[in-house]
file run-v7.pdb (PDB, C-alpha atoms, pLDDT in the B column)
ATOM      1  CA  MET A   1      29.249  23.665  -8.648  1.00 88.00           C
ATOM      2  CA  ARG A   2      25.550  22.914  -8.230  1.00 90.00           C
ATOM      3  CA  ILE A   3      24.494  19.698  -6.516  1.00 91.00           C
ATOM      4  CA  THR A   4      20.978  18.313  -6.279  1.00 90.00           C
ATOM      5  CA  ILE A   5      20.517  16.025  -3.294  1.00 90.00           C
ATOM      6  CA  ALA A   6      17.639  13.635  -3.982  1.00 81.00           C
ATOM      7  CA  PRO A   7      17.712  10.643  -1.614  1.00 83.00           C
ATOM      8  CA  ASN A   8      14.935   8.156  -0.872  1.00 79.00           C
ATOM      9  CA  ALA A   9      14.268   7.188   2.755  1.00 76.00           C
ATOM     10  CA  PHE A  10      16.846   4.986   4.484  1.00 78.00           C
ATOM     11  CA  LYS A  11      14.455   2.264   5.617  1.00 69.00           C
ATOM     12  CA  GLY A  12      14.438   1.865   9.376  1.00 66.00           C
ATOM     13  CA  SER A  13      16.829   4.760   9.827  1.00 76.00           C
ATOM     14  CA  LEU A  14      16.233   8.142   8.190  1.00 79.00           C
ATOM     15  CA  SER A  15      13.366   9.775   6.361  1.00 79.00           C
ATOM     16  CA  ALA A  16      14.107  11.114   2.896  1.00 81.00           C
ATOM     17  CA  GLU A  17      14.102  14.692   4.193  1.00 83.00           C
ATOM     18  CA  ASP A  18      16.425  13.855   7.077  1.00 86.00           C
ATOM     19  CA  ALA A  19      18.780  12.014   4.734  1.00 86.00           C
ATOM     20  CA  ALA A  20      18.916  15.016   2.402  1.00 85.00           C
ATOM     21  CA  THR A  21      19.579  17.357   5.326  1.00 89.00           C
ATOM     22  CA  HIS A  22      22.450  15.244   6.672  1.00 90.00           C
ATOM     23  CA  ILE A  23      24.038  14.815   3.231  1.00 91.00           C
ATOM     24  CA  ALA A  24      23.890  18.562   2.757  1.00 88.00           C
ATOM     25  CA  ALA A  25      25.457  19.137   6.173  1.00 89.00           C
ATOM     26  CA  GLY A  26      28.316  16.813   5.259  1.00 89.00           C
ATOM     27  CA  LEU A  27      28.989  18.602   1.984  1.00 86.00           C
ATOM     28  CA  LEU A  28      28.952  22.013   3.661  1.00 85.00           C
ATOM     29  CA  ALA A  29      31.287  20.772   6.376  1.00 88.00           C
ATOM     30  CA  SER A  30      33.744  19.676   3.681  1.00 86.00           C
ATOM     31  CA  LYS A  31      34.087  23.325   2.563  1.00 83.00           C
ATOM     32  CA  LEU A  32      33.260  22.333  -1.007  1.00 83.00           C
ATOM     33  CA  ASP A  33      32.424  25.373  -3.104  1.00 87.00           C
ATOM     34  CA  CYS A  34      28.886  24.454  -4.146  1.00 85.00           C
ATOM     35  CA  LYS A  35      25.258  25.408  -4.166  1.00 88.00           C
ATOM     36  CA  LEU A  36      22.895  22.739  -2.873  1.00 87.00           C
ATOM     37  CA  ALA A  37      19.300  21.948  -3.816  1.00 84.00           C
ATOM     38  CA  LEU A  38      17.521  19.486  -1.531  1.00 82.00           C
ATOM     39  CA  PHE A  39      14.943  17.399  -3.328  1.00 76.00           C
ATOM     40  CA  PRO A  40      14.069  14.303  -1.228  1.00 77.00           C
ATOM     41  CA  VAL A  41      12.072  11.706  -3.140  1.00 75.00           C
ATOM     42  CA  ALA A  42       9.851   8.702  -2.437  1.00 69.00           C
ATOM     43  CA  ASP A  43       9.146   5.505  -4.346  1.00 64.00           C
ATOM     44  CA  GLY A  44       5.491   4.982  -3.435  1.00 64.00           C
ATOM     45  CA  GLY A  45       6.326   3.855   0.097  1.00 69.00           C
ATOM     46  CA  ASP A  46       7.446   5.726   3.213  1.00 71.00           C
ATOM     47  CA  ASP A  47       7.395   9.544   2.917  1.00 74.00           C
ATOM     48  CA  THR A  48       5.386   9.532  -0.314  1.00 77.00           C
ATOM     49  CA  VAL A  49       2.386  11.473   1.015  1.00 77.00           C
ATOM     50  CA  PRO A  50       4.195  14.171   3.036  1.00 76.00           C
ATOM     51  CA  LEU A  51       6.634  14.836   0.196  1.00 77.00           C
ATOM     52  CA  LEU A  52       3.832  15.100  -2.358  1.00 75.00           C
ATOM     53  CA  ILE A  53       1.855  17.394  -0.072  1.00 76.00           C
ATOM     54  CA  LYS A  54       4.878  19.660   0.278  1.00 77.00           C
ATOM     55  CA  ARG A  55       5.542  19.828  -3.467  1.00 75.00           C
ATOM     56  CA  ILE A  56       1.946  20.443  -4.551  1.00 76.00           C
ATOM     57  CA  SER A  57       0.920  22.668  -1.626  1.00 76.00           C
ATOM     58  CA  GLY A  58      -1.677  20.149  -0.530  1.00 85.00           C
ATOM     59  CA  GLU A  59      -2.888  19.461   2.979  1.00 93.00           C
ATOM     60  CA  PRO A  60      -2.938  16.376   5.194  1.00 93.00           C
ATOM     61  CA  VAL A  61      -6.274  14.908   6.233  1.00 96.00           C
ATOM     62  CA  ARG A  62      -6.237  12.638   9.272  1.00 95.00           C
ATOM     63  CA  ALA A  63      -8.377   9.516   9.608  1.00 97.00           C
ATOM     64  CA  SER A  64      -8.834   6.769  12.182  1.00 98.00           C
ATOM     65  CA  VAL A  65      -7.965   3.433  10.562  1.00 98.00           C
ATOM     66  CA  HIS A  66      -6.696  -0.054  11.393  1.00 98.00           C
ATOM     67  CA  ASP A  67      -3.031  -0.987  11.186  1.00 98.00           C
ATOM     68  CA  PRO A  68      -1.902  -4.223   9.455  1.00 98.00           C
ATOM     69  CA  LEU A  69      -2.838  -6.291  12.530  1.00 98.00           C
ATOM     70  CA  GLY A  70      -6.171  -4.600  13.182  1.00 97.00           C
ATOM     71  CA  ARG A  71      -5.236  -2.042  15.844  1.00 98.00           C
ATOM     72  CA  ILE A  72      -6.727   1.450  15.681  1.00 98.00           C
ATOM     73  CA  ILE A  73      -4.258   4.142  14.623  1.00 98.00           C
ATOM     74  CA  THR A  74      -4.413   7.530  12.923  1.00 97.00           C
ATOM     75  CA  ALA A  75      -3.039   8.016   9.431  1.00 96.00           C
ATOM     76  CA  ASP A  76      -3.004  10.864   6.938  1.00 94.00           C
ATOM     77  CA  PHE A  77      -3.829  11.085   3.284  1.00 95.00           C
ATOM     78  CA  GLY A  78      -2.887  14.074   1.166  1.00 94.00           C
ATOM     79  CA  TRP A  79      -5.611  16.314  -0.235  1.00 95.00           C
ATOM     80  CA  MET A  80      -5.486  18.648  -3.214  1.00 93.00           C
ATOM     81  CA  ALA A  81      -8.807  20.464  -3.059  1.00 93.00           C
ATOM     82  CA  LYS A  82      -8.649  22.250  -6.413  1.00 93.00           C
ATOM     83  CA  GLU A  83      -8.510  18.891  -8.231  1.00 94.00           C
ATOM     84  CA  ASN A  84     -10.483  16.793  -5.726  1.00 96.00           C
ATOM     85  CA  LYS A  85      -7.428  14.540  -5.655  1.00 95.00           C
ATOM     86  CA  ALA A  86      -6.248  12.380  -2.754  1.00 96.00           C
ATOM     87  CA  PHE A  87      -2.773  10.914  -2.246  1.00 94.00           C
ATOM     88  CA  ILE A  88      -2.615   7.688  -0.236  1.00 95.00           C
ATOM     89  CA  ALA A  89       0.380   5.549   0.727  1.00 92.00           C
ATOM     90  CA  LEU A  90      -0.055   1.905   1.660  1.00 93.00           C
ATOM     91  CA  SER A  91       2.782   2.344   4.147  1.00 92.00           C
ATOM     92  CA  ASP A  92       0.833   4.879   6.221  1.00 94.00           C
ATOM     93  CA  ALA A  93      -1.969   2.490   7.252  1.00 96.00           C
ATOM     94  CA  SER A  94      -0.580  -0.922   6.258  1.00 97.00           C
ATOM     95  CA  GLY A  95       3.155  -0.327   6.478  1.00 94.00           C
ATOM     96  CA  LEU A  96       5.963  -2.507   7.724  1.00 93.00           C
ATOM     97  CA  ARG A  97       7.224   0.438   9.776  1.00 90.00           C
ATOM     98  CA  LEU A  98       4.077   0.204  11.932  1.00 95.00           C
ATOM     99  CA  LEU A  99       5.087  -3.212  13.283  1.00 96.00           C
ATOM    100  CA  LYS A 100       7.829  -4.364  15.587  1.00 95.00           C
ATOM    101  CA  THR A 101      10.075  -7.020  14.078  1.00 94.00           C
ATOM    102  CA  ALA A 102       8.471  -9.732  16.237  1.00 96.00           C
ATOM    103  CA  GLU A 103       4.995  -8.693  15.031  1.00 97.00           C
ATOM    104  CA  ARG A 104       5.643  -9.213  11.337  1.00 97.00           C
ATOM    105  CA  ASP A 105       3.187 -11.849  10.124  1.00 97.00           C
ATOM    106  CA  PRO A 106       2.039 -11.516   6.493  1.00 97.00           C
ATOM    107  CA  LEU A 107      -0.376 -14.441   6.918  1.00 98.00           C
ATOM    108  CA  ARG A 108      -2.464 -12.185   9.139  1.00 97.00           C
ATOM    109  CA  ALA A 109      -1.392  -8.667   8.213  1.00 98.00           C
ATOM    110  CA  ASN A 110      -3.700  -7.055   5.670  1.00 98.00           C
ATOM    111  CA  THR A 111      -4.487  -3.818   3.850  1.00 98.00           C
ATOM    112  CA  TYR A 112      -7.867  -3.118   5.467  1.00 98.00           C
ATOM    113  CA  GLY A 113      -6.604   0.181   6.879  1.00 98.00           C
ATOM    114  CA  THR A 114      -5.590   1.407   3.439  1.00 98.00           C
ATOM    115  CA  GLY A 115      -9.113   0.654   2.248  1.00 98.00           C
ATOM    116  CA  GLU A 116     -10.361   2.802   5.122  1.00 98.00           C
ATOM    117  CA  LEU A 117      -8.110   5.634   3.919  1.00 98.00           C
ATOM    118  CA  VAL A 118      -9.577   5.260   0.431  1.00 98.00           C
ATOM    119  CA  ARG A 119     -13.068   5.426   1.903  1.00 98.00           C
ATOM    120  CA  ALA A 120     -12.142   8.516   3.922  1.00 98.00           C
ATOM    121  CA  ALA A 121     -10.811  10.157   0.750  1.00 98.00           C
ATOM    122  CA  LEU A 122     -14.057   9.368  -1.062  1.00 98.00           C
ATOM    123  CA  ASP A 123     -15.959  10.903   1.853  1.00 98.00           C
ATOM    124  CA  GLN A 124     -13.792  13.997   1.375  1.00 97.00           C
ATOM    125  CA  GLY A 125     -15.044  14.183  -2.213  1.00 97.00           C
ATOM    126  CA  ALA A 126     -12.123  12.600  -4.037  1.00 97.00           C
ATOM    127  CA  GLU A 127     -12.583  12.094  -7.756  1.00 97.00           C
ATOM    128  CA  LYS A 128      -8.941  11.103  -8.288  1.00 97.00           C
ATOM    129  CA  LEU A 129      -6.884   8.741  -6.156  1.00 97.00           C
ATOM    130  CA  VAL A 130      -3.107   8.378  -6.296  1.00 94.00           C
ATOM    131  CA  ILE A 131      -2.028   5.318  -4.299  1.00 94.00           C
ATOM    132  CA  GLY A 132       1.593   4.453  -3.495  1.00 91.00           C
ATOM    133  CA  VAL A 133       2.009   0.746  -2.818  1.00 90.00           C
ATOM    134  CA  GLY A 134       5.531   0.479  -1.400  1.00 87.00           C
ATOM    135  CA  GLY A 135       6.604  -0.303   2.148  1.00 89.00           C
ATOM    136  CA  SER A 136       3.695  -2.524   3.139  1.00 93.00           C
ATOM    137  CA  ALA A 137       3.638  -5.258   5.780  1.00 96.00           C
ATOM    138  CA  THR A 138       1.241  -7.275   3.647  1.00 97.00           C
ATOM    139  CA  VAL A 139       0.967  -9.886   0.902  1.00 96.00           C
ATOM    140  CA  ASP A 140      -2.824 -10.070   0.778  1.00 96.00           C
ATOM    141  CA  GLY A 141      -3.533  -9.336  -2.887  1.00 94.00           C
ATOM    142  CA  ALA A 142      -5.355  -6.161  -1.735  1.00 95.00           C
ATOM    143  CA  SER A 143      -8.081  -8.346  -0.239  1.00 97.00           C
ATOM    144  CA  GLY A 144      -8.101  -6.284   2.957  1.00 98.00           C
ATOM    145  CA  LEU A 145      -8.430  -3.034   1.022  1.00 98.00           C
ATOM    146  CA  LEU A 146     -11.308  -4.457  -1.006  1.00 98.00           C
ATOM    147  CA  TYR A 147     -12.997  -5.798   2.131  1.00 98.00           C
ATOM    148  CA  ALA A 148     -12.944  -2.303   3.660  1.00 98.00           C
ATOM    149  CA  LEU A 149     -14.601  -0.994   0.486  1.00 98.00           C
ATOM    150  CA  GLY A 150     -17.478  -3.466   0.536  1.00 98.00           C
ATOM    151  CA  VAL A 151     -16.248  -6.631  -1.186  1.00 98.00           C
ATOM    152  CA  ARG A 152     -17.170  -9.879   0.586  1.00 98.00           C
ATOM    153  CA  PHE A 153     -15.012 -13.011   0.440  1.00 98.00           C
ATOM    154  CA  LEU A 154     -17.030 -16.191   1.008  1.00 98.00           C
ATOM    155  CA  ASP A 155     -16.148 -19.762   1.914  1.00 97.00           C
ATOM    156  CA  GLU A 156     -17.774 -23.036   0.807  1.00 96.00           C
ATOM    157  CA  GLU A 157     -20.715 -22.531   3.199  1.00 96.00           C
ATOM    158  CA  GLY A 158     -21.251 -18.915   2.166  1.00 95.00           C
ATOM    159  CA  ASN A 159     -19.732 -17.552   5.361  1.00 97.00           C
ATOM    160  CA  GLU A 160     -17.793 -14.305   5.144  1.00 97.00           C
ATOM    161  CA  ILE A 161     -14.014 -14.658   5.395  1.00 98.00           C
ATOM    162  CA  THR A 162     -12.554 -11.968   7.637  1.00 95.00           C
ATOM    163  CA  ASP A 163      -9.174 -13.411   8.649  1.00 97.00           C
ATOM    164  CA  LEU A 164      -7.297 -12.100   5.635  1.00 98.00           C
ATOM    165  CA  PRO A 165      -5.200 -13.214   3.909  1.00 98.00           C
ATOM    166  CA  ILE A 166      -4.882 -16.692   5.487  1.00 98.00           C
ATOM    167  CA  GLY A 167      -8.653 -17.209   5.233  1.00 98.00           C
ATOM    168  CA  LEU A 168      -8.360 -17.056   1.452  1.00 98.00           C
ATOM    169  CA  LEU A 169      -7.263 -20.684   1.561  1.00 98.00           C
ATOM    170  CA  GLY A 170     -10.966 -21.473   1.901  1.00 97.00           C
ATOM    171  CA  LEU A 171     -12.188 -18.932  -0.659  1.00 98.00           C
ATOM    172  CA  LYS A 172     -15.074 -20.131  -2.803  1.00 97.00           C
ATOM    173  CA  ALA A 173     -16.759 -16.951  -4.049  1.00 97.00           C
ATOM    174  CA  ILE A 174     -16.378 -13.167  -4.147  1.00 97.00           C
ATOM    175  CA  ASP A 175     -19.396 -10.881  -3.791  1.00 97.00           C
ATOM    176  CA  ILE A 176     -18.820  -7.393  -5.240  1.00 96.00           C
ATOM    177  CA  MET A 177     -22.388  -6.145  -4.944  1.00 96.00           C
ATOM    178  CA  GLY A 178     -21.464  -4.020  -1.924  1.00 97.00           C
ATOM    179  CA  LEU A 179     -18.384  -2.410  -3.501  1.00 97.00           C
ATOM    180  CA  ASP A 180     -18.437   1.342  -2.890  1.00 98.00           C
ATOM    181  CA  PRO A 181     -20.157   2.739  -6.024  1.00 97.00           C
ATOM    182  CA  ARG A 182     -18.125   5.948  -5.881  1.00 97.00           C
ATOM    183  CA  LEU A 183     -15.094   4.030  -7.137  1.00 97.00           C
ATOM    184  CA  SER A 184     -16.686   3.579 -10.559  1.00 94.00           C
ATOM    185  CA  SER A 185     -16.343   7.287 -11.289  1.00 95.00           C
ATOM    186  CA  CYS A 186     -12.972   7.735  -9.612  1.00 96.00           C
ATOM    187  CA  GLU A 187      -9.669   7.910 -11.519  1.00 97.00           C
ATOM    188  CA  ILE A 188      -7.084   5.713  -9.797  1.00 96.00           C
ATOM    189  CA  THR A 189      -3.312   5.911 -10.342  1.00 94.00           C
ATOM    190  CA  VAL A 190      -0.934   3.451  -8.646  1.00 91.00           C
ATOM    191  CA  LEU A 191       2.660   4.454  -7.840  1.00 87.00           C
ATOM    192  CA  CYS A 192       5.340   1.756  -7.634  1.00 83.00           C
ATOM    193  CA  ASP A 193       8.908   1.177  -8.754  1.00 77.00           C
ATOM    194  CA  VAL A 194       8.923  -2.596  -9.276  1.00 79.00           C
ATOM    195  CA  GLU A 195       7.295  -5.109 -11.614  1.00 80.00           C
ATOM    196  CA  ASN A 196       6.357  -8.618 -10.521  1.00 84.00           C
ATOM    197  CA  LYS A 197       3.882 -11.313 -11.456  1.00 87.00           C
ATOM    198  CA  LEU A 198       1.305 -12.242  -8.842  1.00 91.00           C
ATOM    199  CA  LEU A 199       2.399 -15.879  -8.600  1.00 93.00           C
ATOM    200  CA  GLY A 200       5.494 -18.042  -9.026  1.00 92.00           C
ATOM    201  CA  VAL A 201       9.179 -17.640  -8.248  1.00 93.00           C
ATOM    202  CA  ASP A 202       9.040 -13.951  -9.162  1.00 91.00           C
ATOM    203  CA  GLY A 203       5.655 -13.444  -7.550  1.00 92.00           C
ATOM    204  CA  ALA A 204       4.438 -11.490  -4.544  1.00 93.00           C
ATOM    205  CA  ALA A 205       4.756 -14.264  -1.961  1.00 95.00           C
ATOM    206  CA  ALA A 206       8.169 -15.543  -3.038  1.00 96.00           C
ATOM    207  CA  VAL A 207       9.813 -12.142  -3.478  1.00 95.00           C
ATOM    208  CA  TYR A 208       8.134  -9.982  -0.839  1.00 94.00           C
ATOM    209  CA  GLY A 209       6.943 -12.503   1.739  1.00 96.00           C
ATOM    210  CA  PRO A 210      10.386 -12.954   3.372  1.00 97.00           C
ATOM    211  CA  GLN A 211      10.862  -9.169   3.503  1.00 93.00           C
ATOM    212  CA  LYS A 212       7.689  -8.928   5.573  1.00 95.00           C
ATOM    213  CA  GLY A 213       8.477 -11.751   7.990  1.00 96.00           C
ATOM    214  CA  ALA A 214       7.360 -14.915   6.160  1.00 97.00           C
ATOM    215  CA  ASP A 215       9.377 -18.085   6.654  1.00 97.00           C
ATOM    216  CA  GLU A 216       9.483 -20.841   4.031  1.00 97.00           C
ATOM    217  CA  LYS A 217       6.204 -22.410   5.193  1.00 98.00           C
ATOM    218  CA  ALA A 218       4.441 -19.042   5.290  1.00 98.00           C
ATOM    219  CA  VAL A 219       5.593 -18.240   1.750  1.00 98.00           C
ATOM    220  CA  ILE A 220       3.993 -21.482   0.522  1.00 98.00           C
ATOM    221  CA  LEU A 221       0.727 -20.655   2.310  1.00 98.00           C
ATOM    222  CA  LEU A 222       0.720 -17.099   0.961  1.00 98.00           C
ATOM    223  CA  GLU A 223       1.240 -18.440  -2.554  1.00 97.00           C
ATOM    224  CA  GLN A 224      -1.735 -20.768  -2.082  1.00 97.00           C
ATOM    225  CA  CYS A 225      -3.879 -17.865  -0.826  1.00 97.00           C
ATOM    226  CA  LEU A 226      -3.009 -15.771  -3.882  1.00 96.00           C
ATOM    227  CA  GLU A 227      -3.568 -18.724  -6.216  1.00 96.00           C
ATOM    228  CA  ARG A 228      -7.041 -19.162  -4.767  1.00 96.00           C
ATOM    229  CA  LEU A 229      -7.764 -15.456  -5.048  1.00 96.00           C
ATOM    230  CA  ALA A 230      -6.645 -15.419  -8.695  1.00 95.00           C
ATOM    231  CA  LYS A 231      -8.735 -18.478  -9.559  1.00 95.00           C
ATOM    232  CA  VAL A 232     -11.952 -17.202  -7.991  1.00 96.00           C
ATOM    233  CA  SER A 233     -11.406 -13.707  -9.414  1.00 94.00           C
ATOM    234  CA  PHE A 234     -11.048 -15.176 -12.904  1.00 91.00           C
ATOM    235  CA  GLY A 235     -14.415 -16.900 -12.538  1.00 89.00           C
ATOM    236  CA  LEU A 236     -15.984 -13.602 -11.503  1.00 88.00           C
ATOM    237  CA  LEU A 237     -14.269 -11.087 -13.791  1.00 85.00           C
ATOM    238  CA  ASN A 238     -12.747 -13.220 -16.565  1.00 85.00           C
ATOM    239  CA  LYS A 239      -9.419 -11.486 -15.845  1.00 82.00           C
ATOM    240  CA  GLN A 240      -6.299 -13.635 -15.535  1.00 83.00           C
ATOM    241  CA  MET A 241      -4.628 -11.815 -12.626  1.00 80.00           C
ATOM    242  CA  ASP A 242      -1.631 -14.136 -12.462  1.00 75.00           C
ATOM    243  CA  ALA A 243      -0.720 -13.384 -16.089  1.00 69.00           C
ATOM    244  CA  LEU A 244      -0.280  -9.665 -15.404  1.00 65.00           C
ATOM    245  CA  ALA A 245       2.673  -7.818 -13.917  1.00 55.00           C
ATOM    246  CA  TYR A 246       2.117  -5.897 -10.733  1.00 51.00           C
ATOM    247  CA  GLY A 247       4.060  -3.477  -8.614  1.00 44.00           C
TER     248      GLY A 247
END
call {"tool": "encode", "arguments": {"input": "run-v7.pdb", "output": "structure tokens"}}
result
Amino acid sequence: MRITIAPNAFKGSLSAEDAATHIAAGLLASKLDCKLALFPVADGGDDTVPLLIKRISGEPVRASVHDPLGRIITADFGWMAKENKAFIALSDASGLRLLKTAERDPLRANTYGTGELVRAALDQGAEKLVIGVGGSATVDGASGLLYALGVRFLDEEGNEITDLPIGLLGLKAIDIMGLDPRLSSCEITVLCDVENKLLGVDGAAAVYGPQKGADEKAVILLEQCLERLAKVSFGLLNKQMDALAYG
């Protein structure tokens, strides 16, 4: 008998590789006559980058970035030099696993650090980006990521909004003139295993907010932040973000 062991990570407990190893140990201890193949997997969240690096013979590149609450940490992205391709996981710089339970606060947690990883990958010479978006501590509509890459969010008086995402309640305009120009020639692939609308009962705030520490009041505020972001973005890009499905 041949058995392929392909678990995802056990959130808050075991990595995908550790889970595969322990499952294999259990099967061998049972004296089952079998040959085992360990193939741990990831869903765009925790373990995505190290598993991809291992499978494609890539290398990790370390960068100094900010965690979801703005503290300096180090995080890796995967690098495949022969294709100038970088692999980035939201969970590595902006992940829920980086916060203690009492620190979870999606009104103030943002994806700025993931934007810094993107910038570091561009500095490395990346022409292709593969970004896994699972396991985050955030519901910021990628505003933090965009801010790190040069986008400015402005209030009624033209002041820059930096307290993302809660500051989006006062969003009046978005300035994209400073967006890193290297992105225009970069191929970007997003990895996720879910499909949700931006807004509403099946939207990001309602579905994922509670998972990241939002109470009922915080979910309402997050929804209002994303509504404002969608409205101002439509005026700028003529793209109806809330009509699309997102991972």
call {"tool": "closest_residue", "arguments": {"input": "run-v7.pdb", "among": "A:Ser143, A:Thr138, A:Glu187, A:Asn159", "to": "Tyr208 in chain A", "atoms": "all atoms listed in the file"}}
result
A:Thr138
call {"tool": "axis_aligned_box", "arguments": {"input": "run-v7.pdb", "around": "range 184-192 of chain A", "padding_each_side": "8 Å", "output": "AutoDock Vina command-line options"}}
result
--center_x -5.7 --center_y 4.8 --center_z -9.6 --size_x 38.0 --size_y 22.2 --size_z 19.9
call {"tool": "resolve_selection", "arguments": {"input": "run-v7.pdb", "expression": "the PyMOL selection byres ((chain A and resi 73) around 10)", "output": "VMD selection string"}}
result
chain A and resid 63 to 67 70 to 72 74 to 75 92 to 93 98 113
call {"tool": "resolve_selection", "arguments": {"input": "run-v7.pdb", "expression": "the PyMOL selection byres ((chain A and resi 61) around 8)", "output": "MDAnalysis selection string"}}
result
chainID A and resid 59:60 62:63 76:79
call {"tool": "closest_residue", "arguments": {"input": "run-v7.pdb", "among": "A:Ala218, A:Cys186, A:Leu14, A:Met1", "to": "Leu129 in chain A", "atoms": "all atoms listed in the file"}}
result
A:Cys186
call {"tool": "closest_residue", "arguments": {"input": "run-v7.pdb", "among": "A:Leu226, A:Cys192, A:Ala20, A:Ile53", "to": "Ala204 in chain A", "atoms": "all atoms listed in the file"}}
result
A:Leu226
call {"tool": "residues_near_point", "arguments": {"input": "run-v7.pdb", "point": "(-8.4, -11.1, 5.1)", "cutoff": "9 Å", "atoms": "all atoms listed in the file", "output": "list in words"}}
result
Leu107, Arg108, Ala109, Asn110, Thr111, Tyr112, Asp140, Ala142, Ser143, Gly144, Tyr147, Phe153, Ile161, Thr162, Asp163, Leu164, Pro165, Ile166, Gly167 and Leu168 of chain A
call {"tool": "write_last_selection", "arguments": {"input": "run-v7.pdb", "atoms": "C-alpha atoms", "output": "PDB file, in the frame of the given file"}}
result
ATOM      1  CA  LEU A 107      -0.376 -14.441   6.918  1.00 98.00           C
ATOM      2  CA  ARG A 108      -2.464 -12.185   9.139  1.00 97.00           C
ATOM      3  CA  ALA A 109      -1.392  -8.667   8.213  1.00 98.00           C
ATOM      4  CA  ASN A 110      -3.700  -7.055   5.670  1.00 98.00           C
ATOM      5  CA  THR A 111      -4.487  -3.818   3.850  1.00 98.00           C
ATOM      6  CA  TYR A 112      -7.867  -3.118   5.467  1.00 98.00           C
ATOM      7  CA  ASP A 140      -2.824 -10.070   0.778  1.00 96.00           C
ATOM      8  CA  ALA A 142      -5.355  -6.161  -1.735  1.00 95.00           C
ATOM      9  CA  SER A 143      -8.081  -8.346  -0.239  1.00 97.00           C
ATOM     10  CA  GLY A 144      -8.101  -6.284   2.957  1.00 98.00           C
ATOM     11  CA  TYR A 147     -12.997  -5.798   2.131  1.00 98.00           C
ATOM     12  CA  PHE A 153     -15.012 -13.011   0.440  1.00 98.00           C
ATOM     13  CA  ILE A 161     -14.014 -14.658   5.395  1.00 98.00           C
ATOM     14  CA  THR A 162     -12.554 -11.968   7.637  1.00 95.00           C
ATOM     15  CA  ASP A 163      -9.174 -13.411   8.649  1.00 97.00           C
ATOM     16  CA  LEU A 164      -7.297 -12.100   5.635  1.00 98.00           C
ATOM     17  CA  PRO A 165      -5.200 -13.214   3.909  1.00 98.00           C
ATOM     18  CA  ILE A 166      -4.882 -16.692   5.487  1.00 98.00           C
ATOM     19  CA  GLY A 167      -8.653 -17.209   5.233  1.00 98.00           C
ATOM     20  CA  LEU A 168      -8.360 -17.056   1.452  1.00 98.00           C
TER      21      LEU A 168
END
call {"tool": "closest_residue", "arguments": {"input": "run-v7.pdb", "among": "A:Ser185, A:Thr101, A:Ser94, A:Asn196", "to": "Glu127 in chain A", "atoms": "only C-alpha atoms"}}
result
A:Ser185
call {"tool": "residues_around", "arguments": {"input": "run-v7.pdb", "residues": "Arg152 in chain A", "least_positions_apart": "5", "cutoff": "8 Å", "atoms": "all atoms listed in the file", "output": "list in words"}}
result
Tyr147, Glu160, Ile161, Ile174, Asp175, Ile176 and Gly178 of chain A
call {"tool": "residues_around", "arguments": {"input": "run-v7.pdb", "residues": "Ala9 in chain A", "least_positions_apart": "3", "cutoff": "8 Å", "atoms": "all atoms listed in the file", "output": "PDB file with C-alpha atoms, keeping the file's coordinate frame"}}
result
ATOM      1  CA  SER A  13      16.829   4.760   9.827  1.00 76.00           C
ATOM      2  CA  LEU A  14      16.233   8.142   8.190  1.00 79.00           C
ATOM      3  CA  SER A  15      13.366   9.775   6.361  1.00 79.00           C
ATOM      4  CA  ALA A  16      14.107  11.114   2.896  1.00 81.00           C
ATOM      5  CA  GLU A  17      14.102  14.692   4.193  1.00 83.00           C
ATOM      6  CA  ALA A  19      18.780  12.014   4.734  1.00 86.00           C
ATOM      7  CA  VAL A  41      12.072  11.706  -3.140  1.00 75.00           C
ATOM      8  CA  ALA A  42       9.851   8.702  -2.437  1.00 69.00           C
ATOM      9  CA  ASP A  46       7.446   5.726   3.213  1.00 71.00           C
ATOM     10  CA  ASP A  47       7.395   9.544   2.917  1.00 74.00           C
TER      11      ASP A  47
END
call {"tool": "atom_distance", "arguments": {"input": "run-v7.pdb", "atom1": "CA of Val139 in chain A", "atom2": "CA of Lys212 in chain A"}}
result
8.2 Å
call {"tool": "resolve_selection", "arguments": {"input": "run-v7.pdb", "expression": "the PyMOL selection byres ((chain A and resi 120-125) around 7)", "output": "PyMOL selection string"}}
result
chain A and resi 63+84+86+116-119+126-127
call {"tool": "residues_around", "arguments": {"input": "run-v7.pdb", "residues": "Val219 in chain A", "least_positions_apart": "5", "cutoff": "7 Å", "atoms": "all atoms listed in the file", "output": "MDAnalysis selection string"}}
result
chainID A and resid 205:206 209 214
call {"tool": "closest_residue", "arguments": {"input": "run-v7.pdb", "among": "A:Ile5, A:Leu171, A:Glu223, A:Asp193", "to": "Val207 in chain A", "atoms": "all atoms listed in the file"}}
result
A:Glu223
call {"tool": "closest_residue", "arguments": {"input": "run-v7.pdb", "among": "A:Gly170, A:Pro7, A:Leu69, A:Glu195", "to": "Pro40 in chain A", "atoms": "all atoms listed in the file"}}
result
A:Pro7
call {"tool": "atom_distance", "arguments": {"input": "run-v7.pdb", "atom1": "CA of Lys239 in chain A", "atom2": "CA of Leu222 in chain A"}}
result
20.4 Å
call {"tool": "atom_distance", "arguments": {"input": "run-v7.pdb", "atom1": "CA of Thr4 in chain A", "atom2": "CA of Phe87 in chain A"}}
result
25.2 Å
call {"tool": "residues_near_point", "arguments": {"input": "run-v7.pdb", "point": "(-13.0, -17.2, -11.6)", "cutoff": "12 Å", "atoms": "all atoms listed in the file", "output": "ChimeraX atom specification"}}
result
/A:171-175,227-242
